[in-house]
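K.L.:
So that you have it, the file is final.pdb, and it contains PDB, C-alpha atoms:
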```pdb
MODEL        1
ATOM      1  CA  MET H  21     109.299 102.656  94.505
ATOM      2  CA  ALA H  22     106.929 102.291  97.435
ATOM      3  CA  ASN H  23     106.051  98.815  98.670
ATOM      4  CA  TYR H  24     102.807  99.803 100.404
ATOM      5  CA  HIS H  25      99.979 101.779  98.816
ATOM      6  CA  PRO H  26      96.445 103.171  99.373
ATOM      7  CA  SER H  27      93.618 100.710  98.804
ATOM      8  CA  ASP H  28      91.724 100.782  95.494
ATOM      9  CA  GLU H  29      88.664 102.139  97.336
ATOM     10  CA  LEU H  30      90.598 105.042  98.876
ATOM     11  CA  LEU H  31      92.395 105.854  95.633
ATOM     12  CA  MET H  32      89.115 105.811  93.701
ATOM     13  CA  GLU H  33      87.536 108.207  96.221
ATOM     14  CA  PHE H  34      90.523 110.531  95.900
ATOM     15  CA  THR H  35      90.505 110.377  92.096
ATOM     16  CA  ALA H  36      86.773 111.171  92.099
ATOM     17  CA  GLY H  37      87.430 114.318  94.152
ATOM     18  CA  GLN H  38      85.773 112.992  97.295
ATOM     19  CA  LYS H  39      88.772 113.435  99.619
ATOM     20  CA  HIS H  40      89.371 117.088 100.512
ATOM     21  CA  ASP H  41      90.517 116.339 104.066
ATOM     22  CA  ALA H  42      93.799 115.397 105.743
ATOM     23  CA  LEU H  43      93.575 111.861 104.367
ATOM     24  CA  GLY H  44      93.204 113.254 100.848
ATOM     25  CA  ILE H  45      96.325 115.375 101.355
ATOM     26  CA  MET H  46      98.210 112.276 102.450
ATOM     27  CA  VAL H  47      97.106 110.369  99.342
ATOM     28  CA  ALA H  48      98.183 113.324  97.181
ATOM     29  CA  CYS H  49     101.633 113.272  98.836
ATOM     30  CA  HIS H  50     102.005 109.549  98.137
ATOM     31  CA  LEU H  51     100.937 110.027  94.505
ATOM     32  CA  GLU H  52     103.712 112.567  93.912
ATOM     33  CA  THR H  53     106.379 109.877  93.941
ATOM     34  CA  CYS H  54     104.522 106.578  93.379
ATOM     35  CA  ARG H  55     104.391 105.657  89.681
ATOM     36  CA  GLU H  56     102.269 102.591  90.404
ATOM     37  CA  CYS H  57      99.515 104.607  92.099
ATOM     38  CA  GLN H  58      99.716 107.305  89.417
ATOM     39  CA  LYS H  59      98.894 104.620  86.826
ATOM     40  CA  ARG H  60      96.074 103.221  88.962
ATOM     41  CA  SER H  61      94.662 106.727  89.420
ATOM     42  CA  GLN H  62      94.711 107.288  85.649
ATOM     43  CA  VAL H  63      92.745 104.065  85.145
ATOM     44  CA  PHE H  64      90.144 105.204  87.690
ATOM     45  CA  GLU H  65      89.909 108.615  85.979
ATOM     46  CA  GLN H  66      89.316 106.929  82.639
ATOM     47  CA  LEU H  67      86.692 104.663  84.169
ATOM     48  CA  GLY H  68      84.956 107.651  85.756
ATOM     49  CA  GLY H  69      84.937 109.461  82.405
ATOM     50  CA  GLU H  70      83.355 106.479  80.691
ATOM     51  CA  ILE H  71      80.660 106.297  83.372
ATOM     52  CA  LEU H  72      79.901 110.015  82.934
ATOM     53  CA  GLU H  73      79.585 109.595  79.167
ATOM     54  CA  GLU H  74      76.911 106.950  79.711
ATOM     55  CA  THR H  75      75.007 109.034  82.277
ATOM     56  CA  GLN H  76      71.944 110.937  81.119
ATOM     57  CA  GLU H  77      72.234 114.707  81.199
ATOM     58  CA  THR H  78      70.333 116.580  83.899
ATOM     59  CA  THR H  79      69.341 120.193  83.491
ATOM     60  CA  LEU H  80      69.984 122.416  86.508
ATOM     61  CA  SER H  81      67.366 124.942  87.491
ATOM     62  CA  GLU H  82      68.386 128.586  87.019
ATOM     63  CA  GLY H  83      68.011 129.205  90.750
ATOM     64  CA  LEU H  84      70.369 126.368  91.689
ATOM     65  CA  LEU H  85      72.970 127.467  89.139
ATOM     66  CA  ASN H  86      72.895 131.071  90.419
ATOM     67  CA  LYS H  87      73.220 129.831  93.995
ATOM     68  CA  LEU H  88      76.313 127.779  93.115
ATOM     69  CA  LEU H  89      77.919 130.704  91.278
ATOM     70  CA  SER H  90      77.214 132.972  94.234
ATOM     71  CA  ARG H  91      78.900 130.565  96.641
ATOM     72  CA  LEU H  92      81.964 130.401  94.414
ATOM     73  CA  SER H  93      82.243 134.200  94.337
ATOM     74  CA  GLU H  94      82.044 134.304  98.149
ATOM     75  CA  ALA H  95      84.860 131.774  98.648
ATOM     76  CA  PRO H  96      87.817 133.221 100.587
ATOM     77  CA  LYS H  97      90.752 134.273  98.407
ATOM     78  CA  THR H  98      94.352 133.575  99.263
ATOM     79  CA  THR H  99      97.630 134.520  97.674
ATOM     80  CA  GLN H 100      99.326 131.416  99.064
ATOM     81  CA  THR H 101      99.831 128.526  96.676
ATOM     82  CA  ALA H 102     100.656 124.860  97.118
ATOM     83  CA  ASP H 103     104.213 125.655  95.976
ATOM     84  CA  ASP H 104     104.926 127.945  98.963
ATOM     85  CA  GLY H 105     107.207 126.513 101.607
ATOM     86  CA  ASP H 106     110.189 124.194 101.551
ATOM     87  CA  THR H 107     110.598 122.402  98.226
ATOM     88  CA  ARG H 108     111.863 119.288 100.019
ATOM     89  CA  LEU H 109     108.307 118.685 101.213
ATOM     90  CA  PRO H 110     105.584 117.218  98.980
ATOM     91  CA  ARG H 111     103.655 120.051  97.310
ATOM     92  CA  PRO H 112     100.313 119.278  99.041
ATOM     93  CA  LEU H 113     101.924 119.857 102.458
ATOM     94  CA  ARG H 114     104.033 122.952 101.844
ATOM     95  CA  ARG H 115     101.459 125.577 102.762
ATOM     96  CA  PHE H 116     100.677 123.810 106.042
ATOM     97  CA  VAL H 117     104.226 123.300 107.343
ATOM     98  CA  PRO H 118     106.298 126.274 108.587
ATOM     99  CA  GLY H 119     109.676 125.133 107.325
ATOM    100  CA  TYR H 120     111.314 121.747 106.972
ATOM    101  CA  PHE H 121     111.330 119.017 109.612
ATOM    102  CA  ASP H 122     114.383 120.297 111.474
ATOM    103  CA  SER H 123     112.764 123.710 112.032
ATOM    104  CA  LEU H 124     109.409 122.495 113.387
ATOM    105  CA  PRO H 125     108.397 123.165 117.015
ATOM    106  CA  TRP H 126     108.342 119.490 117.976
ATOM    107  CA  SER H 127     106.798 118.511 121.280
ATOM    108  CA  GLY H 128     107.908 115.422 123.139
ATOM    109  CA  LEU H 129     106.218 112.221 124.205
ATOM    110  CA  SER H 130     109.782 111.427 125.309
ATOM    111  CA  LYS H 131     113.271 112.521 124.276
ATOM    112  CA  ASN H 132     113.236 109.839 121.568
ATOM    113  CA  ILE H 133     109.684 110.367 120.294
ATOM    114  CA  LYS H 134     108.488 113.770 119.128
ATOM    115  CA  GLU H 135     105.304 114.976 117.454
ATOM    116  CA  PHE H 136     104.023 118.008 115.582
ATOM    117  CA  THR H 137     100.277 118.516 115.097
ATOM    118  CA  LEU H 138      99.513 119.725 111.596
ATOM    119  CA  PRO H 139      97.061 122.615 111.088
ATOM    120  CA  LEU H 140      94.837 120.546 108.806
ATOM    121  CA  SER H 141      93.107 118.415 111.423
ATOM    122  CA  ASP H 142      89.308 118.503 111.432
ATOM    123  CA  LYS H 143      86.378 116.933 113.278
ATOM    124  CA  ARG H 144      87.062 113.541 111.710
ATOM    125  CA  TYR H 145      90.845 113.326 111.504
ATOM    126  CA  VAL H 146      93.838 114.362 113.584
ATOM    127  CA  ALA H 147      96.952 114.855 111.459
ATOM    128  CA  LYS H 148     100.470 114.756 112.915
ATOM    129  CA  PHE H 149     104.111 114.269 112.141
ATOM    130  CA  TYR H 150     105.858 111.730 114.356
ATOM    131  CA  LYS H 151     109.643 111.621 114.705
ATOM    132  CA  ILE H 152     111.254 108.502 116.148
ATOM    133  CA  ALA H 153     114.963 108.763 116.948
ATOM    134  CA  ALA H 154     117.257 106.382 115.073
ATOM    135  CA  GLY H 155     117.154 102.905 116.584
ATOM    136  CA  LYS H 156     114.368 103.809 119.026
ATOM    137  CA  GLU H 157     110.799 102.551 119.151
ATOM    138  CA  LEU H 158     107.312 103.667 120.037
ATOM    139  CA  PRO H 159     105.676 102.023 123.054
ATOM    140  CA  ILE H 160     103.774  98.888 122.093
ATOM    141  CA  HIS H 161     100.238  99.861 121.143
ATOM    142  CA  THR H 162      97.067  99.134 119.247
ATOM    143  CA  HIS H 163      94.532 101.539 117.715
ATOM    144  CA  LYS H 164      91.064 102.682 118.725
ATOM    145  CA  GLY H 165      90.254 103.300 115.053
ATOM    146  CA  ASN H 166      92.167 103.744 111.792
ATOM    147  CA  GLU H 167      95.620 105.267 111.474
ATOM    148  CA  PHE H 168      97.005 105.994 108.016
ATOM    149  CA  THR H 169     100.764 106.523 107.894
ATOM    150  CA  LEU H 170     103.023 107.874 105.160
ATOM    151  CA  VAL H 171     106.776 107.520 105.717
ATOM    152  CA  MET H 172     108.279 110.927 104.969
ATOM    153  CA  SER H 173     111.925 110.339 105.875
ATOM    154  CA  GLY H 174     113.969 107.383 107.104
ATOM    155  CA  GLN H 175     112.348 104.023 107.724
ATOM    156  CA  PHE H 176     110.748 101.900 110.429
ATOM    157  CA  SER H 177     109.768  98.297 110.962
ATOM    158  CA  ASP H 178     107.417  96.182 113.034
ATOM    159  CA  ASP H 179     106.482  92.504 113.154
ATOM    160  CA  ALA H 180     104.477  92.867 109.933
ATOM    161  CA  GLY H 181     107.161  94.396 107.729
ATOM    162  CA  ASP H 182     109.716  97.044 106.882
ATOM    163  CA  TYR H 183     108.572 100.473 105.693
ATOM    164  CA  LYS H 184     110.596 103.045 103.802
ATOM    165  CA  GLN H 185     110.110 106.566 102.457
ATOM    166  CA  GLY H 186     106.917 106.832 100.403
ATOM    167  CA  ASP H 187     105.210 103.777 101.892
ATOM    168  CA  PHE H 188     101.524 104.209 102.772
ATOM    169  CA  ILE H 189     100.358 102.001 105.655
ATOM    170  CA  LEU H 190      96.993 101.409 107.334
ATOM    171  CA  ALA H 191      96.806 100.250 110.961
ATOM    172  CA  ASP H 192      93.450  99.525 112.628
ATOM    173  CA  THR H 193      91.940  97.961 115.729
ATOM    174  CA  SER H 194      93.386  94.566 114.766
ATOM    175  CA  THR H 195      96.944  95.958 114.699
ATOM    176  CA  HIS H 196      99.149  95.438 117.759
ATOM    177  CA  HIS H 197     102.717  96.538 117.151
ATOM    178  CA  GLN H 198     105.807  98.447 118.258
ATOM    179  CA  PRO H 199     107.288 100.481 115.366
ATOM    180  CA  ARG H 200     111.067 100.851 115.515
ATOM    181  CA  ALA H 201     113.082 103.395 113.543
ATOM    182  CA  GLY H 202     116.027 102.265 111.423
ATOM    183  CA  MET H 203     119.464 102.455 112.996
ATOM    184  CA  ASN H 204     120.971 104.973 110.548
ATOM    185  CA  GLU H 205     118.602 107.956 110.811
ATOM    186  CA  ASP H 206     115.514 109.334 112.514
ATOM    187  CA  CYS H 207     112.196 108.245 111.039
ATOM    188  CA  ILE H 208     109.566 110.912 110.342
ATOM    189  CA  CYS H 209     106.028 109.856 109.508
ATOM    190  CA  PHE H 210     102.882 111.728 108.483
ATOM    191  CA  ALA H 211      99.978 110.144 110.396
ATOM    192  CA  VAL H 212      96.234 110.714 109.980
ATOM    193  CA  MET H 213      93.996 109.183 112.663
ATOM    194  CA  ASP H 214      90.262 108.990 113.243
ATOM    195  CA  ALA H 215      90.849 107.784 116.829
ATOM    196  CA  PRO H 216      93.795 107.876 119.252
ATOM    197  CA  LEU H 217      96.469 105.267 119.739
ATOM    198  CA  LYS H 218      96.017 102.934 122.697
ATOM    199  CA  PHE H 219      99.271 102.043 124.442
ATOM    200  CA  THR H 220      99.213  98.603 126.025
ATOM    201  CA  GLY H 221     102.569  98.220 127.762
ATOM    202  CA  PHE H 222     103.036  99.004 131.460
ATOM    203  CA  PHE H 223     104.676 102.397 130.948
ATOM    204  CA  GLY H 224     102.785 103.160 127.742
ATOM    205  CA  ARG H 225      99.427 102.922 129.497
ATOM    206  CA  MET H 226     100.359 105.987 131.543
ATOM    207  CA  LEU H 227     100.435 107.998 128.306
ATOM    208  CA  ASN H 228      96.911 107.049 127.198
ATOM    209  CA  PRO H 229      95.123 109.933 128.994
ATOM    210  CA  PHE H 230      97.251 112.397 126.986
ATOM    211  CA  MET H 231      96.586 110.859 123.562
ATOM    212  CA  ARG H 232      94.169 112.365 121.046
TER     213      ARG H 232
ENDMDL
END
```
Using structure tokens, write down the structure that the file contains.
P.N.:
Amino acid sequence: MANYHPSDELLMEFTAGQKHDALGIMVACHLETCRECQKRSQVFEQLGGEILEETQETTLSEGLLNKLLSRLSEAPKTTQTADDGDTRLPRPLRRFVPGYFDSLPWSGLSKNIKEFTLPLSDKRYVAKFYKIAAGKELPIHTHKGNEFTLVMSGQFSDDAGDYKQGDFILADTSTHHQPRAGMNEDCICFAVMDAPLKFTGFFGRMLNPFMR
């Protein structure tokens, strides 16, 4: 079972259907295997249902209803489903990832640190996979904004703790760390950022102009 989880606020927003972006996909991936968050989500759903029952009904105008139905009929159709792709991946990610981790076209920050930019980034969030070679570490860094991380495979650690598959971690501008992969296998993480990393070490600072 995961040791680190989304906040109540984030999980409530997701449960209420307010997270249709990369961060929402990450939460959905975490929920697939986290029994604790599944139970919390069910509580929030029940609470939302009770609130709706106590809310007064509002009648929609005929024009607004027709407009909504028209927009639904114009929505693009696709034959691809969330179950397409490699079954080793969480269902919410399968249609966005062309194969499993070992078949991705990784690009390199260095020979020990690779990344793959996911095709679900938008104006607010950049979404990536990071792969850290076993026993290796990222340059020491902080964050210009928020970075949400879901451990997909392997594990890593920093001064604040140890993180394993399924853990959901938030790093922000107060975080200053140097994640290190476990010794036995590469660590692959799904990261969603609203601002780039900011490397602070001597060599790391040379990478800052290339970060986004």
K.L.:
Excluding region 168-171 of chain H and any residue of its chain fewer than 5 positions from it, enumerate the residues within 6 Å of it, using only C-alpha atoms, and give them as number ranges by chain.
P.N.:
H: 185-190, 209-212
K.L.:
Which value, in Å to one decimal, gives the distance between CA of Val117 (chain H) and CA of Ser130 (chain H)?
P.N.:
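About the pair CA of Val117 (chain H) and CA of Ser130 (chain H): they are 22.2 Å apart.
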K.L.:
Which residues, named as in the file, does the PyMOL selection byres ((chain H and resi 200) around 6) pick out? Answer as number ranges by chain.
P.N.:
H: 156-157, 176-177, 199, 201
K.L.:
Near Lys143 (chain H), counting all atoms listed in the file, which residues have an atom at most 12 Å away, once you skip same-chain residues fewer than 6 positions from it, shown as a PyMOL selection string?
P.N.:
chain H and resi 41-42+213-215+232
K.L.:
Using CA of Cys207 (chain H) and CA of Asp122 (chain H) as the two end points, give the distance in Å to one decimal.
P.N.:
12.3 Å
K.L.:
Dig up all the protein and nucleic acid residues within 7 Å of (117.3, 104.3, 112.2) in the file frame, using all atoms listed in the file, and format them as JSON, numbers by chain.
P.N.:
{"H": [153, 154, 155, 174, 175, 201, 202, 203, 204, 205, 206, 207]}
K.L.:
Using all atoms listed in the file, which of H:Asp28, H:Asp106, H:Asp192, H:Asp178 sits nearest Gln58 (chain H)?
P.N.:
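Under the stated criterion, the closest residue is H:Asp28.
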K.L.:
Kindly resolve the PyMOL selection byres ((chain H and resi 132-138) around 8) on the present coordinates and return the residues as a ChimeraX atom specification.
P.N.:
/H:116-117,124-131,139-141,146-153,156-158
K.L.:
If we count all atoms listed in the file and set the cut-off at 8 Å, which residues sit around region 53-55 of chain H, ignoring sequence neighbours fewer than 2 positions away in its own chain? Please answer as a list in words.
P.N.:
Met21, Ala22, Cys49, His50, Leu51, Cys57, Gln58, Lys59 and Gly186 of chain H
K.L.:
Mind checking which residues fall within 10 Å of Phe34 (chain H), counting all atoms listed in the file, ignoring those fewer than 2 positions away in the same chain, and posting them as a short mmCIF file (atom, residue, chain, number, x, y, z; two decimals) with C-alpha atoms, keeping the file's coordinate frame?
P.N.:
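Result file selection21.cif:
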```
data_model
loop_
_atom_site.label_atom_id
_atom_site.label_comp_id
_atom_site.auth_asym_id
_atom_site.auth_seq_id
_atom_site.Cartn_x
_atom_site.Cartn_y
_atom_site.Cartn_z
CA ASP H 28 91.72 100.78 95.49
CA GLU H 29 88.66 102.14 97.34
CA LEU H 30 90.60 105.04 98.88
CA LEU H 31 92.40 105.85 95.63
CA MET H 32 89.12 105.81 93.70
CA ALA H 36 86.77 111.17 92.10
CA GLY H 37 87.43 114.32 94.15
CA GLN H 38 85.77 112.99 97.30
CA LYS H 39 88.77 113.44 99.62
CA HIS H 40 89.37 117.09 100.51
CA LEU H 43 93.58 111.86 104.37
CA GLY H 44 93.20 113.25 100.85
CA ILE H 45 96.32 115.38 101.36
CA VAL H 47 97.11 110.37 99.34
CA ALA H 48 98.18 113.32 97.18
CA SER H 61 94.66 106.73 89.42
CA PHE H 64 90.14 105.20 87.69
#
```
K.L.:
Rounded to one decimal in Å, what is the spacing between CA of Asn166 (chain H) and CA of Glu52 (chain H)?
P.N.:
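Separation between CA of Asn166 (chain H) and CA of Glu52 (chain H): 23.0 Å.
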K.L.:
Is it possible to produce a file of region 130-148 of chain H from this structure, with N, CA, C and O atoms, as a tab-separated table (two decimals), in the first residue's frame?
P.N.:
```tsv
chain	number	residue	atom	x	y	z
H	130	SER	N	21.26	13.19	-18.97
H	130	SER	CA	22.59	12.59	-18.90
H	130	SER	C	22.39	11.11	-19.16
H	130	SER	O	21.27	10.65	-19.34
H	131	LYS	N	23.46	10.34	-19.15
H	131	LYS	CA	23.31	8.90	-19.41
H	131	LYS	C	22.56	8.19	-18.29
H	131	LYS	O	22.02	7.10	-18.49
H	132	ASN	N	22.52	8.81	-17.10
H	132	ASN	CA	21.85	8.20	-15.96
H	132	ASN	C	20.46	8.77	-15.69
H	132	ASN	O	19.73	8.24	-14.85
H	133	ILE	N	20.10	9.83	-16.39
H	133	ILE	CA	18.80	10.48	-16.17
H	133	ILE	C	18.15	10.70	-17.52
H	133	ILE	O	18.68	11.42	-18.37
H	134	LYS	N	17.02	10.08	-17.74
H	134	LYS	CA	16.30	10.18	-19.00
H	134	LYS	C	14.91	10.75	-18.75
H	134	LYS	O	14.37	10.67	-17.64
H	135	GLU	N	14.30	11.31	-19.80
H	135	GLU	CA	12.94	11.81	-19.68
H	135	GLU	C	12.16	11.52	-20.96
H	135	GLU	O	12.71	11.34	-22.04
H	136	PHE	N	10.85	11.47	-20.81
H	136	PHE	CA	9.93	11.32	-21.93
H	136	PHE	C	8.76	12.25	-21.66
H	136	PHE	O	8.10	12.15	-20.63
H	137	THR	N	8.53	13.21	-22.57
H	137	THR	CA	7.42	14.15	-22.40
H	137	THR	C	6.13	13.53	-22.89
H	137	THR	O	6.04	13.10	-24.04
H	138	LEU	N	5.15	13.47	-22.02
H	138	LEU	CA	3.87	12.84	-22.35
H	138	LEU	C	3.01	13.77	-23.18
H	138	LEU	O	3.02	14.99	-22.98
H	139	PRO	N	2.22	13.22	-24.11
H	139	PRO	CA	1.38	14.04	-24.98
H	139	PRO	C	0.07	14.48	-24.32
H	139	PRO	O	-0.96	14.54	-24.97
H	140	LEU	N	0.12	14.78	-23.03
H	140	LEU	CA	-1.07	15.27	-22.35
H	140	LEU	C	-0.78	16.56	-21.59
H	140	LEU	O	-1.56	17.00	-20.76
H	141	SER	N	0.38	17.17	-21.91
H	141	SER	CA	0.70	18.47	-21.33
H	141	SER	C	-0.24	19.53	-21.90
H	141	SER	O	-0.78	19.40	-22.99
H	142	ASP	N	-0.48	20.58	-21.13
H	142	ASP	CA	-1.33	21.67	-21.58
H	142	ASP	C	-0.72	23.00	-21.13
H	142	ASP	O	0.44	23.05	-20.73
H	143	LYS	N	-1.50	24.08	-21.21
H	143	LYS	CA	-0.97	25.39	-20.88
H	143	LYS	C	-0.59	25.50	-19.41
H	143	LYS	O	0.27	26.31	-19.04
H	144	ARG	N	-1.22	24.70	-18.56
H	144	ARG	CA	-0.94	24.79	-17.13
H	144	ARG	C	0.15	23.82	-16.69
H	144	ARG	O	1.02	24.16	-15.89
H	145	TYR	N	0.08	22.59	-17.19
H	145	TYR	CA	0.96	21.54	-16.69
H	145	TYR	C	1.83	20.94	-17.80
H	145	TYR	O	1.37	20.78	-18.93
H	146	VAL	N	3.07	20.62	-17.43
H	146	VAL	CA	3.93	19.78	-18.26
H	146	VAL	C	3.98	18.41	-17.59
H	146	VAL	O	4.19	18.30	-16.38
H	147	ALA	N	3.76	17.36	-18.38
H	147	ALA	CA	3.74	16.01	-17.85
H	147	ALA	C	4.87	15.20	-18.47
H	147	ALA	O	5.03	15.18	-19.69
H	148	LYS	N	5.65	14.51	-17.63
H	148	LYS	CA	6.80	13.75	-18.11
H	148	LYS	C	6.95	12.47	-17.32
H	148	LYS	O	6.45	12.33	-16.20
```
